[in-house]
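See below for the structure under consideration.
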Amino acid sequence: MKIRLRLFANARDLAGFAEKTVDLQHPRASEVFEYLASVNPEFREWSRSIRLAVNRRYVDDAHPLQEGDEVAVIPPVSGG
Amino acid sequence: MKIRLRLFANARDLAGFAEKTVDLQHPRASEVFEYLASVNPEFREWSRSIRLAVNRRYVDDAHPLQEGDEVAVIPPVSGG
Amino acid sequence: MTALTLNPIDIGAVVSGLTSPESGGIDVFIGTTRNQSRGREVLLLEYEAFEPMALEVMENLERRAMERWPLHKIAIVHRLGRVPVGEASVVIGVSAGHRKEAFEACRFLIDVLKQDVPIWKREHFADGTMEWSGSIQQSKVNVNRV
Amino acid sequence: MTALTLNPIDIGAVVSGLTSPESGGIDVFIGTTRNQSRGREVLLLEYEAFEPMALEVMENLERRAMERWPLHKIAIVHRLGRVPVGEASVVIGVSAGHRKEAFEACRFLIDVLKQDVPIWKREHFADGTMEWSGSIQQSKVNVNRV
């Protein structure tokens, strides 16, 4: 199932890209972390501090994904 | 003993004047209230809500006055 | 910085004066004239002050806040004279390293200003009457509008 | 009103937009770039956002504040890109009938903004390095300055 990944700030730096369409086998948000760890193992240490947003809403790791979803990888925010 | 009275806001309206030099016999701030009541008896009802300031500092009723003191009659403030 | 002014308060200028390279947060409180008071329609508020004492008390409040919180700069500006509905009568601003102190000190300053600074407002109502505000005897001191 | 902007924030304009005839108090919080962070000299902060989501989260925060307090208007403006020392990165303003609600809601909004709005700052240090802020792995993601 194809989803569109978007990465920001240090997550983008760690992955080396800002956007990518990826093909996931198990359609849950948690699979995104496995994909990220395959790109850069440092993501393993990071996963607890990263939140995911599907179609611009924060979701938990069990959130089911659907074809075409936009999944944003949100490292600890620091606005303000 | 001569002191300079200054009145503000509704205290001024009740007294009918903004400034006056008055001659007090008992040199305490509380005597100012007696003087004001002699000007307008409505000041009796007011005295508990009026504060006095001598030379620009709030004082209590027992504060001793000195020749030439400026005594400000401060009705409830409402700035802001 | 404390000031009394007969002119509209330039809020941008007050804020500019509060910024400093060390500051991370500024809290600004702005008091504005409401169009009603105790259920009656208000046209404008008219402020008067015992000016030298008001400035001294305002400066004293600034010193108290500076002693109590680690602040960088403080501004207290109060407008006098007639302040139409929607315009600012008072602007209080505080800059600090972090927002917590800025919020707490700003709240402290407006609360104590309203208790202690010798400034008075007269409410001008739409029905043509006016009244000094903040008095326990409010109803007794109605004055006809000039 | 929520906005993201690459330009300096016009604080006077934000405040003007918050005034209303019903309002008695406006509280405004302004976050500014500090010249140091964790003991290191900072030249500027660089903000980026997941813009559409940031705006949605900011609008959601406004709705939550409106449900919780009797407020009149809210403004949340965040600057993106490079923000030099002393300039505002965020301005949050709230108008209400009375000051208590204005203070409480403004504090709530900046606190929750810092937790939930997808905006990130990168600190540019005087020594030529830069670092993303707010991360538990801060030391790992040093990048050389371009």
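In the structure tokens, the first chain shown is A, the next is B, and so on; residue numbers restart at 1 for each chain, and ligands run from 1 in the order shown.
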
I need the residues in chain B that are strand (DSSP E or B) according to DSSP; give them as an MDAnalysis selection string. chainID B and resid 2:7 19:23 28 51:54 57:59 64 70:74

Those same residues, written as a short mmCIF file (atom, residue, chain, number, x, y, z; two decimals), in the first residue's frame with N, CA, C and O atoms?
```cif
data_model
loop_
_atom_site.label_atom_id
_atom_site.label_comp_id
_atom_site.auth_asym_id
_atom_site.auth_seq_id
_atom_site.Cartn_x
_atom_site.Cartn_y
_atom_site.Cartn_z
N LYS B 2 -0.58 74.92 59.07
CA LYS B 2 -1.12 75.00 57.70
C LYS B 2 -0.69 73.79 56.86
O LYS B 2 0.49 73.46 56.82
N ILE B 3 -1.65 73.14 56.26
CA ILE B 3 -1.33 72.08 55.30
C ILE B 3 -2.05 72.36 53.99
O ILE B 3 -3.03 73.11 53.95
N ARG B 4 -1.52 71.75 52.93
CA ARG B 4 -2.11 71.97 51.62
C ARG B 4 -2.92 70.72 51.24
O ARG B 4 -2.37 69.64 51.11
N LEU B 5 -4.23 70.89 51.13
CA LEU B 5 -5.12 69.78 50.76
C LEU B 5 -5.26 69.71 49.25
O LEU B 5 -5.41 70.73 48.58
N ARG B 6 -5.22 68.47 48.72
CA ARG B 6 -5.52 68.29 47.29
C ARG B 6 -6.59 67.21 47.17
O ARG B 6 -6.48 66.15 47.80
N LEU B 7 -7.59 67.48 46.37
CA LEU B 7 -8.71 66.55 46.25
C LEU B 7 -8.86 66.11 44.80
O LEU B 7 -8.68 66.90 43.88
N GLU B 19 -8.08 72.19 45.48
CA GLU B 19 -6.90 72.49 46.31
C GLU B 19 -7.27 73.56 47.32
O GLU B 19 -8.00 74.50 46.99
N LYS B 20 -6.78 73.43 48.52
CA LYS B 20 -7.01 74.49 49.50
C LYS B 20 -5.95 74.36 50.59
O LYS B 20 -5.57 73.27 50.99
N THR B 21 -5.48 75.51 51.08
CA THR B 21 -4.61 75.49 52.25
C THR B 21 -5.49 75.65 53.48
O THR B 21 -6.29 76.58 53.55
N VAL B 22 -5.40 74.68 54.40
CA VAL B 22 -6.26 74.74 55.59
C VAL B 22 -5.40 74.76 56.85
O VAL B 22 -4.24 74.31 56.84
N ASP B 23 -6.03 75.26 57.90
CA ASP B 23 -5.32 75.41 59.18
C ASP B 23 -5.88 74.38 60.14
O ASP B 23 -7.06 74.44 60.51
N ARG B 28 -2.93 65.64 62.82
CA ARG B 28 -2.95 64.23 62.41
C ARG B 28 -3.78 64.12 61.15
O ARG B 28 -4.73 64.88 60.92
N ARG B 51 -8.45 57.14 51.11
CA ARG B 51 -7.11 57.04 51.66
C ARG B 51 -6.47 58.42 51.62
O ARG B 51 -6.79 59.24 50.76
N LEU B 52 -5.56 58.66 52.53
CA LEU B 52 -4.82 59.91 52.51
C LEU B 52 -3.37 59.64 52.12
O LEU B 52 -2.81 58.60 52.47
N ALA B 53 -2.82 60.59 51.37
CA ALA B 53 -1.40 60.50 51.04
C ALA B 53 -0.75 61.80 51.47
O ALA B 53 -1.24 62.89 51.14
N VAL B 54 0.30 61.69 52.24
CA VAL B 54 1.03 62.87 52.68
C VAL B 54 2.32 62.94 51.88
O VAL B 54 3.10 61.97 51.85
N ARG B 57 2.76 59.93 49.58
CA ARG B 57 2.83 58.57 50.11
C ARG B 57 1.59 58.29 50.94
O ARG B 57 1.19 59.11 51.76
N TYR B 58 1.03 57.08 50.74
CA TYR B 58 -0.13 56.70 51.53
C TYR B 58 0.26 56.65 53.01
O TYR B 58 1.35 56.16 53.35
N VAL B 59 -0.62 57.16 53.86
CA VAL B 59 -0.36 57.12 55.31
C VAL B 59 -1.61 56.60 56.01
O VAL B 59 -2.70 56.58 55.43
N PRO B 64 1.31 61.74 61.81
CA PRO B 64 1.44 63.14 62.24
C PRO B 64 1.73 64.06 61.06
O PRO B 64 2.53 63.71 60.18
N GLU B 70 1.70 68.35 52.10
CA GLU B 70 0.66 68.25 51.09
C GLU B 70 -0.14 66.98 51.37
O GLU B 70 0.42 65.88 51.34
N VAL B 71 -1.42 67.13 51.66
CA VAL B 71 -2.25 65.98 51.98
C VAL B 71 -3.23 65.74 50.82
O VAL B 71 -4.06 66.60 50.52
N ALA B 72 -3.10 64.58 50.19
CA ALA B 72 -3.98 64.27 49.05
C ALA B 72 -5.12 63.38 49.54
O ALA B 72 -4.89 62.42 50.28
N VAL B 73 -6.32 63.73 49.14
CA VAL B 73 -7.51 62.97 49.49
C VAL B 73 -7.81 62.03 48.32
O VAL B 73 -8.17 62.47 47.23
N ILE B 74 -7.61 60.74 48.55
CA ILE B 74 -7.61 59.75 47.47
C ILE B 74 -8.85 58.88 47.58
O ILE B 74 -8.90 57.93 48.37
#
```

Residues at most 12 Å from Arg64 (chain D), counting only C-alpha atoms, excluding those fewer than 2 positions away in the same chain, as a PyMOL selection string? chain D and resi 57-62+66-71+74+105-106+108-109+112-113

Got time to write the residues from that selection, N, CA and C atoms, as a PDB file, in the first residue's frame?
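As written to disk, selection10.pdb reads:
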```pdb
ATOM      1  N   VAL D  57      -3.640  23.025  13.550  1.00  0.00           N
ATOM      2  CA  VAL D  57      -3.484  22.839  14.997  1.00  0.00           C
ATOM      3  C   VAL D  57      -3.697  24.174  15.716  1.00  0.00           C
ATOM      4  N   MET D  58      -3.178  25.263  15.139  1.00  0.00           N
ATOM      5  CA  MET D  58      -3.370  26.586  15.747  1.00  0.00           C
ATOM      6  C   MET D  58      -4.859  26.951  15.792  1.00  0.00           C
ATOM      7  N   GLU D  59      -5.576  26.651  14.720  1.00  0.00           N
ATOM      8  CA  GLU D  59      -7.021  26.947  14.713  1.00  0.00           C
ATOM      9  C   GLU D  59      -7.746  26.094  15.756  1.00  0.00           C
ATOM     10  N   ASN D  60      -7.283  24.873  15.890  1.00  0.00           N
ATOM     11  CA  ASN D  60      -7.878  24.003  16.889  1.00  0.00           C
ATOM     12  C   ASN D  60      -7.634  24.522  18.306  1.00  0.00           C
ATOM     13  N   LEU D  61      -6.434  25.037  18.537  1.00  0.00           N
ATOM     14  CA  LEU D  61      -6.138  25.625  19.850  1.00  0.00           C
ATOM     15  C   LEU D  61      -7.056  26.811  20.120  1.00  0.00           C
ATOM     16  N   GLU D  62      -7.284  27.618  19.097  1.00  0.00           N
ATOM     17  CA  GLU D  62      -8.184  28.759  19.265  1.00  0.00           C
ATOM     18  C   GLU D  62      -9.576  28.291  19.659  1.00  0.00           C
ATOM     19  N   MET D  66     -11.566  29.160  23.078  1.00  0.00           N
ATOM     20  CA  MET D  66     -12.876  29.825  22.991  1.00  0.00           C
ATOM     21  C   MET D  66     -13.944  29.046  23.765  1.00  0.00           C
ATOM     22  N   GLU D  67     -13.808  27.710  23.773  1.00  0.00           N
ATOM     23  CA  GLU D  67     -14.788  26.895  24.512  1.00  0.00           C
ATOM     24  C   GLU D  67     -14.568  26.991  26.018  1.00  0.00           C
ATOM     25  N   ARG D  68     -13.315  27.238  26.391  1.00  0.00           N
ATOM     26  CA  ARG D  68     -12.972  27.167  27.816  1.00  0.00           C
ATOM     27  C   ARG D  68     -13.148  28.506  28.537  1.00  0.00           C
ATOM     28  N   TRP D  69     -12.933  29.604  27.826  1.00  0.00           N
ATOM     29  CA  TRP D  69     -13.055  30.929  28.443  1.00  0.00           C
ATOM     30  C   TRP D  69     -13.982  31.807  27.598  1.00  0.00           C
ATOM     31  N   PRO D  70     -14.629  32.773  28.220  1.00  0.00           N
ATOM     32  CA  PRO D  70     -15.452  33.720  27.445  1.00  0.00           C
ATOM     33  C   PRO D  70     -14.557  34.784  26.794  1.00  0.00           C
ATOM     34  N   LEU D  71     -14.090  34.485  25.597  1.00  0.00           N
ATOM     35  CA  LEU D  71     -13.143  35.372  24.921  1.00  0.00           C
ATOM     36  C   LEU D  71     -13.821  36.073  23.745  1.00  0.00           C
ATOM     37  N   ILE D  74      -9.013  36.030  19.180  1.00  0.00           N
ATOM     38  CA  ILE D  74      -7.704  35.421  19.410  1.00  0.00           C
ATOM     39  C   ILE D  74      -6.860  35.628  18.155  1.00  0.00           C
ATOM     40  N   ALA D 105      -6.087  32.489  29.102  1.00  0.00           N
ATOM     41  CA  ALA D 105      -6.165  31.895  27.770  1.00  0.00           C
ATOM     42  C   ALA D 105      -4.855  32.103  27.012  1.00  0.00           C
ATOM     43  N   CYS D 106      -4.238  33.268  27.171  1.00  0.00           N
ATOM     44  CA  CYS D 106      -2.985  33.546  26.465  1.00  0.00           C
ATOM     45  C   CYS D 106      -1.903  32.582  26.939  1.00  0.00           C
ATOM     46  N   PHE D 108      -2.363  29.625  28.295  1.00  0.00           N
ATOM     47  CA  PHE D 108      -2.736  28.309  27.767  1.00  0.00           C
ATOM     48  C   PHE D 108      -2.281  28.163  26.313  1.00  0.00           C
ATOM     49  N   LEU D 109      -2.546  29.182  25.508  1.00  0.00           N
ATOM     50  CA  LEU D 109      -2.253  29.074  24.074  1.00  0.00           C
ATOM     51  C   LEU D 109      -0.763  28.943  23.802  1.00  0.00           C
ATOM     52  N   VAL D 112       0.403  25.376  24.989  1.00  0.00           N
ATOM     53  CA  VAL D 112       0.001  24.257  24.137  1.00  0.00           C
ATOM     54  C   VAL D 112       0.619  24.398  22.744  1.00  0.00           C
ATOM     55  N   LEU D 113       0.768  25.621  22.268  1.00  0.00           N
ATOM     56  CA  LEU D 113       1.469  25.810  20.992  1.00  0.00           C
ATOM     57  C   LEU D 113       2.853  25.159  21.041  1.00  0.00           C
TER      58      LEU D 113
END
```

Given a cut-off of 12 Å, which residues of chain C touch chain A, counting only C-alpha atoms, written out as a list in words?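 The answer, sorted by residue number, is Gly24, Gly25, Ile26, His98 and Arg99 of chain C.
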
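Using only C-alpha atoms, the part of chain D that sits within 7 Å of chain C is made up of Ile11, Gly12, Thr19, Ser20, Pro21, Glu22, Ser23, Gly24, Gly25, Ile26, Asp27, Val28, Phe29, Ile30, Gly31, Thr32, Thr33, Arg34, Asn35, Val85 and Gly86 of chain D.
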
When you look at Ala49 (chain D) with a cut-off of 10 Å (counting only C-alpha atoms), what residues show up, excluding the ones that are within fewer than 2 positions of it in the same chain? I need them as a PDB file with N, CA and C atoms, in the first residue's frame.
```
ATOM      1  N   PHE A   8      10.306  16.261   8.637  1.00  0.00           N
ATOM      2  CA  PHE A   8      10.621  17.640   8.988  1.00  0.00           C
ATOM      3  C   PHE A   8      11.813  17.718   9.923  1.00  0.00           C
ATOM      4  N   ALA A   9      12.444  18.868   9.885  1.00  0.00           N
ATOM      5  CA  ALA A   9      13.487  19.240  10.851  1.00  0.00           C
ATOM      6  C   ALA A   9      14.537  18.128  10.961  1.00  0.00           C
ATOM      7  N   VAL A  77       8.550  19.120  18.698  1.00  0.00           N
ATOM      8  CA  VAL A  77       8.334  20.459  18.138  1.00  0.00           C
ATOM      9  C   VAL A  77       9.023  21.481  19.037  1.00  0.00           C
ATOM     10  N   SER A  78       9.353  22.621  18.479  1.00  0.00           N
ATOM     11  CA  SER A  78      10.054  23.656  19.246  1.00  0.00           C
ATOM     12  C   SER A  78       9.685  25.048  18.754  1.00  0.00           C
ATOM     13  N   GLY A  79       8.390  25.213  18.431  1.00  0.00           N
ATOM     14  CA  GLY A  79       7.922  26.545  18.050  1.00  0.00           C
ATOM     15  C   GLY A  79       7.818  27.444  19.271  1.00  0.00           C
TER      16      GLY A  79
ATOM     17  N   LEU D   4       0.951  32.222   9.565  1.00  0.00           N
ATOM     18  CA  LEU D   4       2.389  31.957   9.495  1.00  0.00           C
ATOM     19  C   LEU D   4       2.954  32.977   8.521  1.00  0.00           C
ATOM     20  N   TYR D  47      13.151  29.052  11.824  1.00  0.00           N
ATOM     21  CA  TYR D  47      11.954  28.246  12.063  1.00  0.00           C
ATOM     22  C   TYR D  47      11.455  27.626  10.774  1.00  0.00           C
ATOM     23  N   GLU D  51       3.392  23.496   7.358  1.00  0.00           N
ATOM     24  CA  GLU D  51       2.518  24.673   7.376  1.00  0.00           C
ATOM     25  C   GLU D  51       1.021  24.366   7.447  1.00  0.00           C
ATOM     26  N   PRO D  52       0.484  23.528   6.556  1.00  0.00           N
ATOM     27  CA  PRO D  52      -0.976  23.345   6.645  1.00  0.00           C
ATOM     28  C   PRO D  52      -1.402  22.729   7.975  1.00  0.00           C
ATOM     29  N   MET D  53      -0.603  21.780   8.461  1.00  0.00           N
ATOM     30  CA  MET D  53      -0.965  21.167   9.744  1.00  0.00           C
ATOM     31  C   MET D  53      -0.784  22.158  10.891  1.00  0.00           C
ATOM     32  N   ALA D  54       0.283  22.954  10.841  1.00  0.00           N
ATOM     33  CA  ALA D  54       0.509  23.946  11.893  1.00  0.00           C
ATOM     34  C   ALA D  54      -0.698  24.891  11.983  1.00  0.00           C
ATOM     35  N   LEU D  55      -1.175  25.340  10.832  1.00  0.00           N
ATOM     36  CA  LEU D  55      -2.338  26.242  10.836  1.00  0.00           C
ATOM     37  C   LEU D  55      -3.576  25.542  11.396  1.00  0.00           C
ATOM     38  N   HIS D  78       2.814  33.137  13.887  1.00  0.00           N
ATOM     39  CA  HIS D  78       4.164  32.596  14.056  1.00  0.00           C
ATOM     40  C   HIS D  78       5.000  32.965  12.844  1.00  0.00           C
ATOM     41  N   ARG D  79       6.187  33.442  13.121  1.00  0.00           N
ATOM     42  CA  ARG D  79       7.106  33.759  12.033  1.00  0.00           C
ATOM     43  C   ARG D  79       7.911  32.519  11.669  1.00  0.00           C
ATOM     44  N   LEU D  80       8.227  32.375  10.388  1.00  0.00           N
ATOM     45  CA  LEU D  80       9.069  31.270   9.908  1.00  0.00           C
ATOM     46  C   LEU D  80      10.323  31.855   9.267  1.00  0.00           C
ATOM     47  N   GLY D  81      11.287  30.985   9.021  1.00  0.00           N
ATOM     48  CA  GLY D  81      12.545  31.451   8.455  1.00  0.00           C
ATOM     49  C   GLY D  81      13.439  32.001   9.550  1.00  0.00           C
ATOM     50  N   VAL D 117       2.137  22.338  18.151  1.00  0.00           N
ATOM     51  CA  VAL D 117       2.123  22.877  16.789  1.00  0.00           C
ATOM     52  C   VAL D 117       3.393  22.454  16.057  1.00  0.00           C
ATOM     53  N   PRO D 118       3.260  21.820  14.889  1.00  0.00           N
ATOM     54  CA  PRO D 118       4.445  21.312  14.190  1.00  0.00           C
ATOM     55  C   PRO D 118       5.283  22.436  13.568  1.00  0.00           C
ATOM     56  N   ILE D 119       6.050  23.051  14.458  1.00  0.00           N
ATOM     57  CA  ILE D 119       7.007  24.088  14.075  1.00  0.00           C
ATOM     58  C   ILE D 119       8.304  23.734  14.794  1.00  0.00           C
ATOM     59  N   TRP D 120       9.400  23.930  14.097  1.00  0.00           N
ATOM     60  CA  TRP D 120      10.704  23.574  14.664  1.00  0.00           C
ATOM     61  C   TRP D 120      11.656  24.738  14.519  1.00  0.00           C
ATOM     62  N   LYS D 121      12.517  24.884  15.514  1.00  0.00           N
ATOM     63  CA  LYS D 121      13.531  25.932  15.383  1.00  0.00           C
ATOM     64  C   LYS D 121      14.917  25.306  15.375  1.00  0.00           C
TER      65      LYS D 121
END
```

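Atom to atom, CA of Arg122 (chain D) and CA of Gly16 (chain A) stand 16.7 Å apart.
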
I need the residues of region 30-87 of chain C that end up classed as helix (DSSP H, G or I) by DSSP on the backbone, written out as an NGL selection string. :C and (51-68)

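Put simply, CA of Arg38 (chain D) is 22.1 Å away from CA of Ala11 (chain A).
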
Using Å and a single decimal, report how far CA of Ala62 (chain B) sits from CA of Glu48 (chain C).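 Between CA of Glu48 (chain C) and CA of Ala62 (chain B) the gap works out to 27.8 Å.
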
Choose the residue, out of D:Glu56, D:Ile76, D:Glu46, D:Ala65, that has the smallest atom-to-atom separation from Glu101 (chain D); count only C-alpha atoms. D:Ala65
